[in-house]
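Enquirer: First the structure, which I've put down as structure tokens, then a few questions once you've had a look.
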Amino acid sequence: MHPGDRGPTPASRVTVDGKFFALGGERFRFSGVTYGTFEPRDDGARYPDRDRIKRDFVDIADAGFTVVRTYTEPPADVVELAADTGLHLLAGIYWPDWRYLLGASRRQCREVARAGAVAVRRAARDLAAAEPVMGLCIGNEVPGDVVRFVGARRVAAVIAELADAVRDEDSDRLVTYGNYPTAEYLPLSGLDFLTFNVFLERAADLRSYLSHLHTVAGDLPVVLGETGLDAGPGPAGGVGEVAQASALDWQLGTALERGVAGTCVFSWTDEWWVGTAAVEGWHFGLTRADRSPRPALDVARRWNAATVSGLRAPNGWPAISVVVCAYNAAATLEECLRHACALDYPGLEVVVVDDGSTDATADIARRHPGARLVRIPHGGLSVARNAGWQAAGGEIVAYLDADAYPTPEWPYYLALGLDDPRLGGVGGPNVPPAGDPVGAARVARAPGGPVHVLTADDRAEHVPGCNMAFRRDVLAGIGGFDHVYTAAGDDVDVCWKVLDAGRGIAFHPAALVWHHRRPGARAFLRQQRGYGRAEALVAARHPHRYNGLGAARWQGRIYNPVGGPRRTGGRVYGGRFGTAGYQSVYGGGGFALDVAHQLGVPVAAGLVATAPLALASGVLGFPALAGAALLAALLGVDAARVSPPRALGQGRLRLRVATAALWLAQPLARTWGRLRGRADALHSLAAPPPLAGPARSLPGGALALPVDGPRERTAAAIAETLRRTGRRILPPSDWDERDVAVVASVLVQADLVTSAFPAGVVQMRLRRRVRPGSAAGTAVLLALATLTAPVLGLVVAAAAAADVATGVWRTGPGLRAAIVRAAGGTP
């Protein structure tokens, strides 16, 4: 084909499909091998002559490879021969990057960027009609010390510009960059899949690092751009070649088990040139320089034919029951069941629990012979989840939402994730389908959606209910799902109960489901109010997992929404003088912005609500102006950080602004739901056992209770009693000199302490104190208000005085009266 020919149709091109690739609507098996570079030909191309290429490509295809990775732009004969042998090309594009510079002036760096753009655009145009080309690799392994010397952000910005240049020439072409662990910290964006060259010599290390690369990649597929082992010098079939074959065996097996989308074995042959000289002393080839095969080629051939289902014998996979809980889900259930019932996992069963639907949900389920229908009266989500696992026959119960559908590999990777008997559950990512409407794309980029919380690259504190699985005996052991959660919150509660029971929760990045988001802002905000009410229920049952601001105290890292505002900051572990082989980013940063949204937005909205006071005095309008300024600043910051879908042509700015508005509205809706649901959450708890009584008043405001077991149990019972009165209780740490802290108001809290002496009683007292952070903030606010207008200062002072009086009452007579009542007495 020639550059002027009509390009391949989308159906004939390899596309990204979740964490894998697809071709013509089917899964594309990416089994690759690197090729070259070679001694330059007369035409300057770094490839062998046509006959040698033809013989190589025939042998490569015969070994089961589907992709050949090149390091320079493939000329017409390479493209033609790839088409003839049914191979696809991951075409590298060479351009003189920063490693060739003496100096790093702005002019020099601009020249490097221009040279890269010229090379990339020319290659993209030349290969636009080349059907065998599956993607372009726009660079390879800029050395780590060069990245440090030039600047990581500058390098990353140029790579992003080159990716955009490719799409200017060929909008559907897949783009990647060949990175490696020493420059892992490069903040790459605009790529279609993540390519890393990784050489590790222990299976456990590779497994761990591949899990980590999935975390770095987010929702993108991960491709091993280079992997293998030097066979070393020695006779054919010697120890070095046996070791190479053995290493490649576990490298390819580990990549498949970890859900890597593709691998490129380095390399096809020992014949290898750099510049104008042959490389001596390297023996990475699957074939020797004369193309005689090494034992590793047979290993590659075997893995090239393997799929994830073949990692175990058919009877070696644990039985899985997929449970779909559906309530009036007729709009999405057909799609869900069509994919779920098509899964080829051995002995899989699909159970649909119809939670008293009034639409066609049950009829749709009946149309699928592979699904078993369980109908129950409407009782809410947790009731349906319990009915599901109780009806399930599988060892593992996998929950799939009715508005989600699985990828073909999903159940296999769930089973592989449960690789330790100490694990009680497993989950994976959920990603919105690319074809969803723009409103859903905005919601997908907003906070508060179904995201996982990771404590390690393959371990989780929470996996969302749309894609979670548990061992059936673990669910039975923790009593299943709490019926109080009728629409949300059940997944957080059950995950924490599993962890509290001493079991772990795994995360497998390739156990992916497609999950539709809410179609627009109104439905999203309604969902967030419901989440807020559910959060109040969860907080009432797990108070020790919430901080003083009422936010969950996650031990892990919350996964960012797709295309949402990116976190900034973090530190790179580079080793002394930047010599560490694996240079990762630690501490993703962005937490100040999280606080600004979750706490600052409600406060700013409250200040804006005071705007009518400006009618009485102009100076009283300053708080409203300050609140509006904060909201406007956050709106601008969020809009700038949102990543619109690449396929979106018109309306990118509108999507940015609309998504940023959701980032401001979400904390308000969530907070409103949480506040509205707090009282109901406390009332939903089972009544605590009464305190031993009667309580006796003692000098100094102390109380004495009769001994009824260990002192710490009495202290916990007192704290629970006070929590049921609506007081916020801060759980103790191992370093506190108190039993618990009682937050009575914005400015006042009290430390509750108990003593088991003298014998026969448990004494309790409160040490009241001002909350230092709140006091400092109030002092600053009072000073600013007074400087602005004395009358405004008086308003702030009066509000502070009222808050202190409330706090004193709630930590004094009001609190003692609550304890006396709980101990069976009359205040």
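The way I read the labels, and the way they are meant: chains A, B, ... in the order of the structure tokens, residue 1 as the first residue of every chain, and ligand 1 as the first ligand shown, with later ones counted on from there.
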Residues at most 10 Å from Ala506 (chain A), counting only C-alpha atoms, excluding those fewer than 3 positions away in the same chain, as a PyMOL selection string?
Expert: chain A and resi 414+416-420+423-428+454-463+468-470+503+509
Enquirer: Neighbours of region 41-52 of chain A within 12 Å (only C-alpha atoms; same-chain residues fewer than 6 positions away dropped), as a VMD selection string?
Expert: chain A and resid 35 58 to 59 70 to 82 92 to 94 269 271 to 278 289 to 291
Enquirer: Hey, can you spit out that residue selection with N, CA, C and O atoms as a tab-separated table (two decimals), in the first residue's frame?
Expert:
```
chain	number	residue	atom	x	y	z
A	35	TYR	N	12.17	-6.79	16.80
A	35	TYR	CA	12.87	-7.08	15.54
A	35	TYR	C	13.78	-5.91	15.22
A	35	TYR	O	13.34	-4.82	14.89
A	58	VAL	N	7.90	-15.33	8.21
A	58	VAL	CA	7.23	-16.62	8.11
A	58	VAL	C	7.49	-17.43	9.38
A	58	VAL	O	6.57	-18.04	9.96
A	59	ASP	N	8.73	-17.43	9.85
A	59	ASP	CA	9.07	-18.18	11.06
A	59	ASP	C	8.42	-17.56	12.30
A	59	ASP	O	7.98	-18.27	13.21
A	70	THR	N	9.06	-2.98	16.08
A	70	THR	CA	10.25	-2.42	15.44
A	70	THR	C	10.66	-1.15	16.19
A	70	THR	O	9.88	-0.58	16.95
A	71	TYR	N	11.89	-0.71	15.94
A	71	TYR	CA	12.40	0.47	16.63
A	71	TYR	C	12.57	1.66	15.69
A	71	TYR	O	12.88	2.76	16.15
A	72	THR	N	12.40	1.42	14.41
A	72	THR	CA	12.40	2.50	13.44
A	72	THR	C	11.21	2.31	12.51
A	72	THR	O	10.63	1.22	12.44
A	73	GLU	N	10.87	3.36	11.79
A	73	GLU	CA	9.71	3.29	10.91
A	73	GLU	C	9.88	2.18	9.87
A	73	GLU	O	10.89	2.13	9.17
A	74	PRO	N	8.91	1.27	9.78
A	74	PRO	CA	9.05	0.17	8.81
A	74	PRO	C	8.82	0.67	7.39
A	74	PRO	O	7.84	1.34	7.11
A	75	PRO	N	9.74	0.32	6.47
A	75	PRO	CA	9.53	0.72	5.06
A	75	PRO	C	8.45	-0.13	4.41
A	75	PRO	O	7.91	-1.06	5.02
A	76	ALA	N	8.17	0.16	3.16
A	76	ALA	CA	7.04	-0.46	2.46
A	76	ALA	C	7.17	-1.98	2.40
A	76	ALA	O	6.17	-2.70	2.53
A	77	ASP	N	8.40	-2.51	2.19
A	77	ASP	CA	8.51	-3.95	2.06
A	77	ASP	C	8.24	-4.66	3.38
A	77	ASP	O	7.67	-5.76	3.40
A	78	VAL	N	8.60	-4.04	4.51
A	78	VAL	CA	8.31	-4.63	5.82
A	78	VAL	C	6.80	-4.67	6.04
A	78	VAL	O	6.24	-5.68	6.50
A	79	VAL	N	6.13	-3.58	5.72
A	79	VAL	CA	4.67	-3.52	5.88
A	79	VAL	C	4.00	-4.56	4.99
A	79	VAL	O	3.09	-5.29	5.41
A	80	GLU	N	4.46	-4.67	3.76
A	80	GLU	CA	3.87	-5.62	2.82
A	80	GLU	C	4.06	-7.05	3.29
A	80	GLU	O	3.12	-7.88	3.25
A	81	LEU	N	5.25	-7.38	3.76
A	81	LEU	CA	5.53	-8.75	4.20
A	81	LEU	C	4.79	-9.07	5.50
A	81	LEU	O	4.37	-10.22	5.70
A	82	ALA	N	4.59	-8.09	6.34
A	82	ALA	CA	3.78	-8.31	7.53
A	82	ALA	C	2.35	-8.65	7.13
A	82	ALA	O	1.73	-9.57	7.70
A	92	GLY	N	8.00	1.42	15.71
A	92	GLY	CA	8.74	2.46	16.42
A	92	GLY	C	9.10	3.60	15.49
A	92	GLY	O	9.25	3.42	14.27
A	93	ILE	N	9.19	4.79	16.06
A	93	ILE	CA	9.59	5.97	15.29
A	93	ILE	C	10.85	6.54	15.94
A	93	ILE	O	10.82	6.92	17.13
A	94	TYR	N	11.92	6.58	15.19
A	94	TYR	CA	13.17	7.12	15.73
A	94	TYR	C	13.23	8.62	15.47
A	94	TYR	O	12.90	9.10	14.38
A	269	THR	N	16.30	-12.27	17.17
A	269	THR	CA	17.59	-12.83	16.78
A	269	THR	C	18.72	-12.09	17.48
A	269	THR	O	18.56	-10.94	17.91
A	271	GLU	N	21.25	-11.11	15.92
A	271	GLU	CA	21.76	-10.11	14.98
A	271	GLU	C	21.16	-8.76	15.36
A	271	GLU	O	19.94	-8.56	15.28
A	272	TRP	N	22.05	-7.85	15.75
A	272	TRP	CA	21.54	-6.58	16.28
A	272	TRP	C	22.62	-5.52	16.08
A	272	TRP	O	23.78	-5.72	16.45
A	273	TRP	N	22.21	-4.42	15.49
A	273	TRP	CA	23.11	-3.31	15.24
A	273	TRP	C	22.60	-2.06	15.94
A	273	TRP	O	21.40	-1.81	16.01
A	274	VAL	N	23.53	-1.27	16.44
A	274	VAL	CA	23.22	0.07	16.95
A	274	VAL	C	24.14	1.03	16.21
A	274	VAL	O	25.37	0.88	16.26
A	275	GLY	N	23.55	1.99	15.54
A	275	GLY	CA	24.35	2.90	14.74
A	275	GLY	C	24.95	2.16	13.58
A	275	GLY	O	24.28	1.47	12.81
A	276	THR	N	26.27	2.26	13.46
A	276	THR	CA	26.95	1.61	12.34
A	276	THR	C	27.77	0.40	12.78
A	276	THR	O	28.63	-0.07	12.04
A	277	ALA	N	27.48	-0.10	13.97
A	277	ALA	CA	28.28	-1.21	14.49
A	277	ALA	C	27.37	-2.31	15.00
A	277	ALA	O	26.31	-2.06	15.58
A	278	ALA	N	27.81	-3.54	14.78
A	278	ALA	CA	27.09	-4.69	15.33
A	278	ALA	C	27.33	-4.76	16.84
A	278	ALA	O	28.44	-4.48	17.32
A	289	ALA	N	22.28	-15.65	15.63
A	289	ALA	CA	22.47	-14.75	14.49
A	289	ALA	C	22.24	-15.45	13.16
A	289	ALA	O	21.82	-14.82	12.18
A	290	ASP	N	22.52	-16.76	13.12
A	290	ASP	CA	22.27	-17.51	11.88
A	290	ASP	C	20.84	-18.02	11.77
A	290	ASP	O	20.49	-18.77	10.88
A	291	ARG	N	19.98	-17.63	12.70
A	291	ARG	CA	18.55	-17.94	12.78
A	291	ARG	C	18.29	-19.39	13.22
A	291	ARG	O	17.16	-19.86	13.13
```
Enquirer: What's around Ala160 (chain A) at 7 Å? Count only C-alpha atoms, leave out sequence neighbours fewer than 4 positions away in its own chain, and write the answer as a list in words.
Expert: Ala156, Asp164, Leu188, Ser189 and Gly190 of chain A
Enquirer: Keeping N, CA and C atoms for every residue in the selection just given, could you write it to a file as a PDB file, in the first residue's frame?
Expert:
```pdb
ATOM      1  N   ALA A 156       7.887  14.833  29.314  1.00  0.00           N
ATOM      2  CA  ALA A 156       6.526  14.304  29.194  1.00  0.00           C
ATOM      3  C   ALA A 156       5.662  15.190  28.309  1.00  0.00           C
ATOM      4  N   ASP A 164      -0.337  13.841  20.161  1.00  0.00           N
ATOM      5  CA  ASP A 164      -1.340  14.671  19.491  1.00  0.00           C
ATOM      6  C   ASP A 164      -1.008  14.834  18.003  1.00  0.00           C
ATOM      7  N   LEU A 188       3.337  10.631  31.984  1.00  0.00           N
ATOM      8  CA  LEU A 188       2.901  10.494  30.595  1.00  0.00           C
ATOM      9  C   LEU A 188       1.390  10.623  30.481  1.00  0.00           C
ATOM     10  N   SER A 189       0.935  11.289  29.455  1.00  0.00           N
ATOM     11  CA  SER A 189      -0.498  11.416  29.186  1.00  0.00           C
ATOM     12  C   SER A 189      -0.707  11.363  27.678  1.00  0.00           C
ATOM     13  N   GLY A 190      -1.947  11.109  27.289  1.00  0.00           N
ATOM     14  CA  GLY A 190      -2.274  11.101  25.870  1.00  0.00           C
ATOM     15  C   GLY A 190      -1.960   9.806  25.160  1.00  0.00           C
TER      16      GLY A 190
END
```
Enquirer: DSSP on the backbone: what in region 109-153 of chain A comes out alpha helix (DSSP H), as a list in words?
Expert: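 Of region 109-153 of chain A, the ones in alpha helix (DSSP H) are Cys109, Arg110, Glu111, Val112, Ala113, Arg114, Ala115, Gly116, Ala117, Val118, Ala119, Val120, Arg121, Arg122, Ala123, Ala124, Arg125, Asp126, Gly144, Asp145, Val146, Val147, Arg148, Phe149, Val150, Ala152 and Arg153 of chain A.
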Enquirer: Take the residues from that selection and put them in a file with C-alpha atoms, as a short mmCIF file (atom, residue, chain, number, x, y, z; two decimals), in the first residue's frame.
Expert:
```
data_model
loop_
_atom_site.label_atom_id
_atom_site.label_comp_id
_atom_site.auth_asym_id
_atom_site.auth_seq_id
_atom_site.Cartn_x
_atom_site.Cartn_y
_atom_site.Cartn_z
CA CYS A 109 14.93 21.66 23.59
CA ARG A 110 12.62 23.38 21.11
CA GLU A 111 14.72 21.97 18.27
CA VAL A 112 14.44 18.48 19.75
CA ALA A 113 10.66 18.84 20.00
CA ARG A 114 10.45 20.11 16.40
CA ALA A 115 12.58 17.25 15.12
CA GLY A 116 10.40 14.77 16.95
CA ALA A 117 7.23 16.32 15.56
CA VAL A 118 8.58 16.21 12.00
CA ALA A 119 9.55 12.54 12.31
CA VAL A 120 6.32 11.53 13.97
CA ARG A 121 4.08 13.36 11.53
CA ARG A 122 5.92 11.92 8.54
CA ALA A 123 5.66 8.39 9.90
CA ALA A 124 1.98 8.82 10.80
CA ARG A 125 1.22 10.01 7.26
CA ASP A 126 3.30 7.30 5.60
CA GLY A 144 16.66 8.28 33.36
CA ASP A 145 19.54 10.67 33.96
CA VAL A 146 18.64 12.52 30.74
CA VAL A 147 15.06 12.86 32.00
CA ARG A 148 16.37 14.28 35.28
CA PHE A 149 18.78 16.59 33.46
CA VAL A 150 16.20 18.00 31.05
CA ALA A 152 10.53 15.14 33.63
CA ARG A 153 7.65 17.50 32.89
#
```
Enquirer: Between A:Ala640, A:Ile60, A:Val761, A:Val451, which one has atoms that come closest to Pro293 (chain A), using only C-alpha atoms?
Expert: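 Selected residue with least distance to Pro293 (chain A): A:Ile60.
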Enquirer: Would you mind writing down, as a VMD selection string, each residue of region 253-437 of chain A that DSSP on the backbone assigns to strand (DSSP E or B)?
Expert: chain A and resid 262 to 265 269 273 to 274 277 to 278 287 293 320 to 326 349 to 355 371 to 376 396 to 400 404 to 406 423 to 427 430 to 431
Enquirer: Using only C-alpha atoms, find each residue of region 389-479 of chain A with at least one atom at most 10 Å away from an atom of region 311-335 of chain A; report its shortest atom-to-atom pair and that distance in Å (one decimal), sort the rows by chain and rising residue number, and return the result as CSV.
Expert:
```
residue,atom,partner,partner_atom,distance
A:Trp389,CA,A:Val323,CA,7.4
A:Ala391,CA,A:Val323,CA,9.3
A:Ala392,CA,A:Ser321,CA,5.8
A:Gly393,CA,A:Ser321,CA,6.5
A:Gly394,CA,A:Ile320,CA,4.6
A:Glu395,CA,A:Ala319,CA,5.3
A:Ile396,CA,A:Ile320,CA,4.7
A:Val397,CA,A:Ser321,CA,4.9
A:Ala398,CA,A:Val322,CA,4.7
A:Tyr399,CA,A:Val323,CA,4.9
A:Leu400,CA,A:Val324,CA,5.2
A:Asp401,CA,A:Val324,CA,5.7
A:Ala402,CA,A:Leu333,CA,5.2
A:Asp403,CA,A:Thr332,CA,5.2
A:Ala404,CA,A:Thr332,CA,7.8
A:Tyr405,CA,A:Glu335,CA,6.9
A:Pro406,CA,A:Glu335,CA,9.9
A:Pro411,CA,A:Ile320,CA,7.6
A:Tyr412,CA,A:Trp317,CA,8.0
A:Leu414,CA,A:Ile320,CA,9.3
A:Ala415,CA,A:Pro318,CA,7.0
A:Leu416,CA,A:Trp317,CA,8.9
A:Leu418,CA,A:Pro318,CA,9.9
A:Cys466,CA,A:Val324,CA,9.2
A:Ala469,CA,A:Val322,CA,8.7
A:Phe470,CA,A:Ile320,CA,9.8
A:Arg471,CA,A:Ile320,CA,9.2
A:Arg472,CA,A:Ser321,CA,9.5
```
Enquirer: Grab the residues selected above and save them as a tab-separated table (two decimals), in the first residue's frame with C-alpha atoms.
Expert:
```tsv
chain	number	residue	atom	x	y	z
A	389	TRP	CA	-25.40	-15.67	48.07
A	391	ALA	CA	-29.17	-19.24	46.58
A	392	ALA	CA	-25.71	-19.52	45.00
A	393	GLY	CA	-24.00	-22.86	44.66
A	394	GLY	CA	-20.50	-21.56	43.93
A	395	GLU	CA	-17.55	-21.39	46.25
A	396	ILE	CA	-17.11	-17.77	45.18
A	397	VAL	CA	-20.02	-15.34	44.91
A	398	ALA	CA	-19.33	-12.54	42.39
A	399	TYR	CA	-21.65	-9.53	42.44
A	400	LEU	CA	-22.31	-7.71	39.19
A	401	ASP	CA	-24.61	-4.69	39.00
A	402	ALA	CA	-27.49	-4.80	36.53
A	403	ASP	CA	-26.12	-1.69	34.79
A	404	ALA	CA	-22.71	-3.33	34.29
A	405	TYR	CA	-21.41	-6.14	32.12
A	406	PRO	CA	-18.24	-8.23	32.31
A	411	PRO	CA	-14.27	-14.53	36.27
A	412	TYR	CA	-10.83	-16.03	35.58
A	414	LEU	CA	-11.35	-12.87	40.00
A	415	ALA	CA	-10.37	-16.46	40.75
A	416	LEU	CA	-6.68	-15.71	40.17
A	418	LEU	CA	-7.95	-15.05	45.37
A	466	CYS	CA	-20.66	-3.39	40.99
A	469	ALA	CA	-16.61	-11.20	44.91
A	470	PHE	CA	-16.36	-13.04	48.21
A	471	ARG	CA	-15.89	-16.58	49.34
A	472	ARG	CA	-19.32	-17.89	50.23
```
Enquirer: By how many Å are CA of Ala523 (chain A) and CA of Gly435 (chain A) apart?
Expert: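 It comes out at 18.6 Å.
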Enquirer: Excluding same-chain residues fewer than 5 positions from region 681-692 of chain A, what lies within 12 Å of it counting only C-alpha atoms, as a PyMOL selection string?
Expert: chain A and resi 482-485+489+532-543+673-676+704-709+711+713-728+760-762+818-825
Enquirer: Quick one: residues within 10 Å of Gly135 (chain A), only C-alpha atoms counted, chain neighbours fewer than 3 positions away excluded, as a list in words?
Expert: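 With the cut-off at 10 Å, the set is Arg13, Val14, Thr15, Arg69, His88, Leu89, Leu90, Ala91, Gly92, Ala124, Leu127, Pro132, Ile138, Asp172, Arg173, Leu174, Val175, Thr176, Asp192 and Phe193 of chain A.
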Enquirer: Considering only C-alpha atoms, state which residue in the set A:Gly234, A:Gly262, A:Pro377, A:Gly310 is at the smallest distance from His283 (chain A).
Expert: A:Gly234
Enquirer: Using only C-alpha atoms, pick whichever of A:Gln749, A:Thr66, A:Thr778, A:Thr361 has the shortest atom-to-atom distance to Gly807 (chain A).
Expert: A:Gln749
Enquirer: Would you kindly return, as a list in words, each protein, DNA or RNA residue with an atom no farther than 6 Å from any atom of Ala750 (chain A), considering only C-alpha atoms and excluding same-chain residues fewer than 6 positions away?
Expert: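 Non-adjacent residues within range: Ala741, Val742, Leu766, Arg767, Arg768 and Arg769 of chain A.
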Enquirer: Which is closer to Ala797 (chain A) than all the others in A:Pro732, A:Leu784, A:Val453, A:Val498, using only C-alpha atoms?
Expert: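 Residue with the minimum atom-to-atom distance to Ala797 (chain A): A:Leu784.
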Enquirer: From the list A:Gly504, A:Pro827, A:Pro623, A:Gly479, which residue is nearest Pro694 (chain A) when using only C-alpha atoms?
Expert: A:Pro827
